[in-house]
Amino acid sequence: MATTSDMSRDQAAPTPPSPGTSVDTSQPQLEKAPAASPPPYTAFSPWRRRFILTVVTVAGCFGPLAGGIYLPALVVLEDEFHVGATAINVSVSVFMLTFAFGPLFWGTFADWKGRRPLYIISIAIYIGANILLAALPTNYGALVFLRIVQAFGSAAVVSMGAGTVADTTEPKRRAFAMSIFLIGPQFGPVLGPVLGGALASASWRWIFGFLAIAGFVLWVVIILLLPETLRARVGNGKLYSERGLVNFPPTLSSPLAPESERGPPPPKPTLMMYWRLFTYPPIGIVTFNTAMLYSTYFAIAVQLPTDLSERYYWSTAEVGAGFLAVGVAMIIGSMCGGRFSDWKRARIARASPDGHVDPENRLADQIWGVLICAGGCLMYGWFVFYSIHPAAVLVATFLTGFGMNWVFVATTAFLTECVAQQAAGAFALGNMLRNPGAAIAALILPSLVSRMGSGWCFTGLALLDLVMVGSAVIVLRLKAPGWRAARAAKMAQSRPGPPR
């Protein structure tokens, strides 16, 4: 029979001890289990996380850099390969299309087989293509084929970099980390023409020679210093905290963490898996949004050299320097947008009883970026039309780049939280329509400007951004919670049953 003291102990057991109360060590071990803290999201030290982020940011720059660095040499290549402007532009188009869809292939296997092997393999392909482009005799067919190979190799790091950031950065700080990573892919098109103009003045082959040398340096750094981060293989990276910093002797793949420490495996890669991701409305909508805004930016980037040289009589070197304004804007837009998104998420988490924050909260403030981007586009068109001072034109390009990246940061963070196990694949989908959209914009823009004038042409693009992207942002804000709940219910129904 229970005594009065026994009953008192039983009643007091569920109540946590006050700071001044001693704990009864005779309590069963089971009662102490809730006090155990969960393992950290990542075991990598802060400085090593910063190093990983730096490496993938630099790697993410290489593909867009290869696309932009090539443009100043197009006229030279027409003479070298004895073809016309339309034929040489084909080598630009195939690069953009391959770079658009290549991440779908690489991103799938990065979510399944690991990040490190695909970094090593893809950058080796990129280096090989650049060596052949720099060394082979002039042959138009070889140029087009090797540009496809070059784009295919460089496309991998775009999707894998986003997956690596998601692996090593907890969700509450992810937007700022993504803003750093996006500096690489979005600064490449700005830096490329500046470097390309300087290298092409020596020899067009030095363009590809430079890319090969820079790619080789990056490849060595990755082989020796970049750890595997895929959580389905190494968990939070604890096994690397117990090893040296240098991967020597270097290996293609990493050892596996104990099964209990690994994250859940993502679905095996299939085209149907990509289709299911794309048809999930939030992912499909943000993919469309980024394509629209990037097409607006690219339309300005294509028209800017013509306007600066013909209206303001700038030299080639001055035109290249003019791209720095939008490049700086992209960096500032990413940093500010990422910081703001993380700050707002943290504030919502503090107000939530359980600290949970829905992924679509990242999208709430995209509308401000859309307004800034559309405003910059509108200003650009009319400033050029009335030949306003070129400083005003560069301010307009600055606003366009700032607003675009404000939206991109929130979108990227949302994608990695929306489908956390398929972060690289989701980011690849987010980029899928950008380059085709940019290619279409570049194709139709000259005729639109000649028929409508710069003012009305870019007014039309600004209105498209406001109506299409702005309404999509509002729809996401209102409908995304219901879509997410329906998707979660569908996944819960399919979860029971024997594993296949």
# chains A, B, ... in the order shown; residues from 1 in each chain; ligands from 1
>>> residues_around(residues="A:Phe323", least_positions_apart="3", cutoff="10 Å", atoms="only C-alpha atoms", output="ChimeraX atom specification")
/A:187,189-194,301,304-305,318-320,326-328,394,397-398
>>> write_last_selection(atoms="all heavy atoms", output="short mmCIF file (atom, residue, chain, number, x, y, z; two decimals), in the first residue's frame")
data_model
loop_
_atom_site.label_atom_id
_atom_site.label_comp_id
_atom_site.auth_asym_id
_atom_site.auth_seq_id
_atom_site.Cartn_x
_atom_site.Cartn_y
_atom_site.Cartn_z
N PHE A 187 26.97 37.62 -59.67
CA PHE A 187 28.04 38.57 -59.96
C PHE A 187 28.83 38.15 -61.19
O PHE A 187 29.49 38.97 -61.82
CB PHE A 187 28.96 38.71 -58.75
CG PHE A 187 29.87 39.90 -58.83
CD1 PHE A 187 29.35 41.18 -58.87
CD2 PHE A 187 31.25 39.75 -58.88
CE1 PHE A 187 30.18 42.29 -58.95
CE2 PHE A 187 32.08 40.85 -58.96
CZ PHE A 187 31.54 42.13 -58.99
N PRO A 189 27.81 37.34 -64.31
CA PRO A 189 27.48 38.06 -65.54
C PRO A 189 27.96 39.50 -65.55
O PRO A 189 28.08 40.10 -66.62
CB PRO A 189 25.94 38.01 -65.56
CG PRO A 189 25.57 36.87 -64.70
CD PRO A 189 26.61 36.81 -63.63
N VAL A 190 28.22 40.07 -64.38
CA VAL A 190 28.71 41.44 -64.31
C VAL A 190 30.23 41.47 -64.48
O VAL A 190 30.78 42.30 -65.22
CB VAL A 190 28.30 42.09 -62.98
CG1 VAL A 190 28.84 43.51 -62.88
CG2 VAL A 190 26.79 42.07 -62.83
N LEU A 191 30.91 40.56 -63.80
CA LEU A 191 32.37 40.52 -63.87
C LEU A 191 32.85 39.99 -65.22
O LEU A 191 33.91 40.40 -65.72
CB LEU A 191 32.90 39.63 -62.74
CG LEU A 191 34.41 39.53 -62.56
CD1 LEU A 191 34.99 40.90 -62.22
CD2 LEU A 191 34.74 38.52 -61.47
N GLY A 192 32.06 39.08 -65.83
CA GLY A 192 32.47 38.44 -67.07
C GLY A 192 32.83 39.39 -68.19
O GLY A 192 33.92 39.30 -68.77
N PRO A 193 31.93 40.33 -68.56
CA PRO A 193 32.27 41.22 -69.67
C PRO A 193 33.51 42.07 -69.41
O PRO A 193 34.26 42.38 -70.34
CB PRO A 193 31.01 42.10 -69.79
CG PRO A 193 29.91 41.27 -69.23
CD PRO A 193 30.53 40.48 -68.13
N VAL A 194 33.74 42.47 -68.15
CA VAL A 194 34.92 43.28 -67.84
C VAL A 194 36.18 42.46 -68.08
O VAL A 194 37.14 42.93 -68.74
CB VAL A 194 34.85 43.77 -66.38
CG1 VAL A 194 36.09 44.58 -66.03
CG2 VAL A 194 33.60 44.60 -66.15
N ALA A 301 20.37 44.38 -69.27
CA ALA A 301 21.78 44.07 -69.47
C ALA A 301 22.14 43.99 -70.94
O ALA A 301 23.26 44.38 -71.34
CB ALA A 301 22.11 42.74 -68.77
N LEU A 304 21.87 47.76 -72.34
CA LEU A 304 22.74 48.77 -71.73
C LEU A 304 23.98 49.10 -72.57
O LEU A 304 24.30 50.29 -72.75
CB LEU A 304 23.16 48.31 -70.33
CG LEU A 304 24.01 49.28 -69.52
CD1 LEU A 304 23.25 50.58 -69.24
CD2 LEU A 304 24.44 48.65 -68.20
N PRO A 305 24.71 48.11 -73.11
CA PRO A 305 25.89 48.48 -73.93
C PRO A 305 25.54 49.33 -75.13
O PRO A 305 26.26 50.29 -75.46
CB PRO A 305 26.46 47.11 -74.36
CG PRO A 305 25.97 46.15 -73.33
CD PRO A 305 24.61 46.64 -72.95
N GLU A 318 34.52 51.72 -70.73
CA GLU A 318 33.55 52.42 -69.88
C GLU A 318 32.23 51.68 -69.80
O GLU A 318 31.59 51.64 -68.74
CB GLU A 318 33.34 53.84 -70.42
CG GLU A 318 34.54 54.76 -70.24
CD GLU A 318 34.39 56.08 -70.98
OE1 GLU A 318 33.65 56.10 -71.99
OE2 GLU A 318 35.00 57.07 -70.56
N VAL A 319 31.82 51.08 -70.91
CA VAL A 319 30.59 50.28 -70.91
C VAL A 319 30.73 49.10 -69.96
O VAL A 319 29.82 48.79 -69.17
CB VAL A 319 30.25 49.80 -72.33
CG1 VAL A 319 29.14 48.75 -72.30
CG2 VAL A 319 29.83 50.97 -73.20
N GLY A 320 31.89 48.42 -70.00
CA GLY A 320 32.11 47.31 -69.08
C GLY A 320 32.05 47.76 -67.63
O GLY A 320 31.46 47.07 -66.78
N VAL A 326 25.08 47.60 -61.37
CA VAL A 326 24.09 46.56 -61.11
C VAL A 326 24.72 45.41 -60.34
O VAL A 326 24.04 44.74 -59.54
CB VAL A 326 23.46 46.08 -62.44
CG1 VAL A 326 24.45 45.29 -63.28
CG2 VAL A 326 22.21 45.24 -62.17
N GLY A 327 26.02 45.19 -60.50
CA GLY A 327 26.69 44.14 -59.73
C GLY A 327 26.72 44.46 -58.25
O GLY A 327 26.42 43.61 -57.40
N VAL A 328 27.05 45.71 -57.92
CA VAL A 328 27.03 46.13 -56.52
C VAL A 328 25.61 46.05 -55.97
O VAL A 328 25.38 45.65 -54.81
CB VAL A 328 27.59 47.56 -56.39
CG1 VAL A 328 27.40 48.09 -54.98
CG2 VAL A 328 29.07 47.58 -56.77
N LEU A 394 22.39 54.58 -64.54
CA LEU A 394 23.03 53.57 -63.69
C LEU A 394 22.28 53.39 -62.37
O LEU A 394 22.23 52.28 -61.83
CB LEU A 394 24.49 53.94 -63.43
CG LEU A 394 25.38 54.00 -64.67
CD1 LEU A 394 26.83 54.30 -64.28
CD2 LEU A 394 25.32 52.70 -65.47
N THR A 397 19.52 51.00 -63.15
CA THR A 397 19.99 49.61 -63.20
C THR A 397 20.27 49.09 -61.79
O THR A 397 20.03 47.92 -61.50
CB THR A 397 21.26 49.48 -64.05
OG1 THR A 397 22.36 50.19 -63.44
CG2 THR A 397 21.04 50.03 -65.45
N PHE A 398 20.76 49.97 -60.92
CA PHE A 398 21.00 49.59 -59.53
C PHE A 398 19.70 49.14 -58.86
O PHE A 398 19.65 48.10 -58.20
CB PHE A 398 21.60 50.78 -58.78
CG PHE A 398 21.94 50.50 -57.34
CD1 PHE A 398 23.23 50.15 -56.98
CD2 PHE A 398 20.98 50.57 -56.34
CE1 PHE A 398 23.56 49.88 -55.65
CE2 PHE A 398 21.27 50.31 -55.01
CZ PHE A 398 22.57 49.96 -54.67
#
>>> atom_distance(atom1="atom CA of A:Val56", atom2="atom CA of A:Thr164")
7.8 Å
>>> closest_atom_pairs(of="stretch 307-408 of chain A", to="stretch 175-185 of chain A", cutoff="6 Å", atoms="only C-alpha atoms", output="tab-separated table")
residue	atom	partner	partner_atom	distance
A:Ile331	CA	A:Ile183	CA	5.7
A:Ser334	CA	A:Ser179	CA	4.5
A:Met335	CA	A:Ser179	CA	5.5
A:Gly338	CA	A:Phe176	CA	4.0
A:Arg339	CA	A:Phe176	CA	5.3
A:Asp342	CA	A:Ala175	CA	5.8
>>> residues_around(residues="A:Ile444", least_positions_apart="5", cutoff="10 Å", atoms="only C-alpha atoms", output="list in words")
Ala299, Ala439 and Val449 of chain A
>>> atom_distance(atom1="atom CA of A:Pro103", atom2="atom CA of A:Trp47")
28.3 Å
>>> residues_around(residues="A:Phe208", least_positions_apart="5", cutoff="8 Å", atoms="only C-alpha atoms", output="PyMOL selection string")
chain A and resi 130-131+133-134
>>> select_by_dssp(residues="stretch 190-420 of chain A", states="helix (DSSP H, G or I)", output="MDAnalysis selection string")
chainID A and resid 190:200 205:225 231:234 238:241 259:261 271:279 281:310 316:322 324:351 359:363 366:385 390:418 420
>>> atom_distance(atom1="atom CA of A:Ser260", atom2="atom CA of A:Thr168")
18.4 Å
>>> closest_residue(among="A:Val55, A:Val286, A:Ala325, A:Val149", to="A:Leu399", atoms="only C-alpha atoms")
A:Ala325
>>> closest_residue(among="A:Asn89, A:Thr54, A:Thr296, A:Asn361", to="A:Arg347", atoms="only C-alpha atoms")
A:Asn361
>>> closest_residue(among="A:Leu324, A:Val357, A:Ile121, A:Ile127", to="A:Val395", atoms="only C-alpha atoms")
A:Leu324
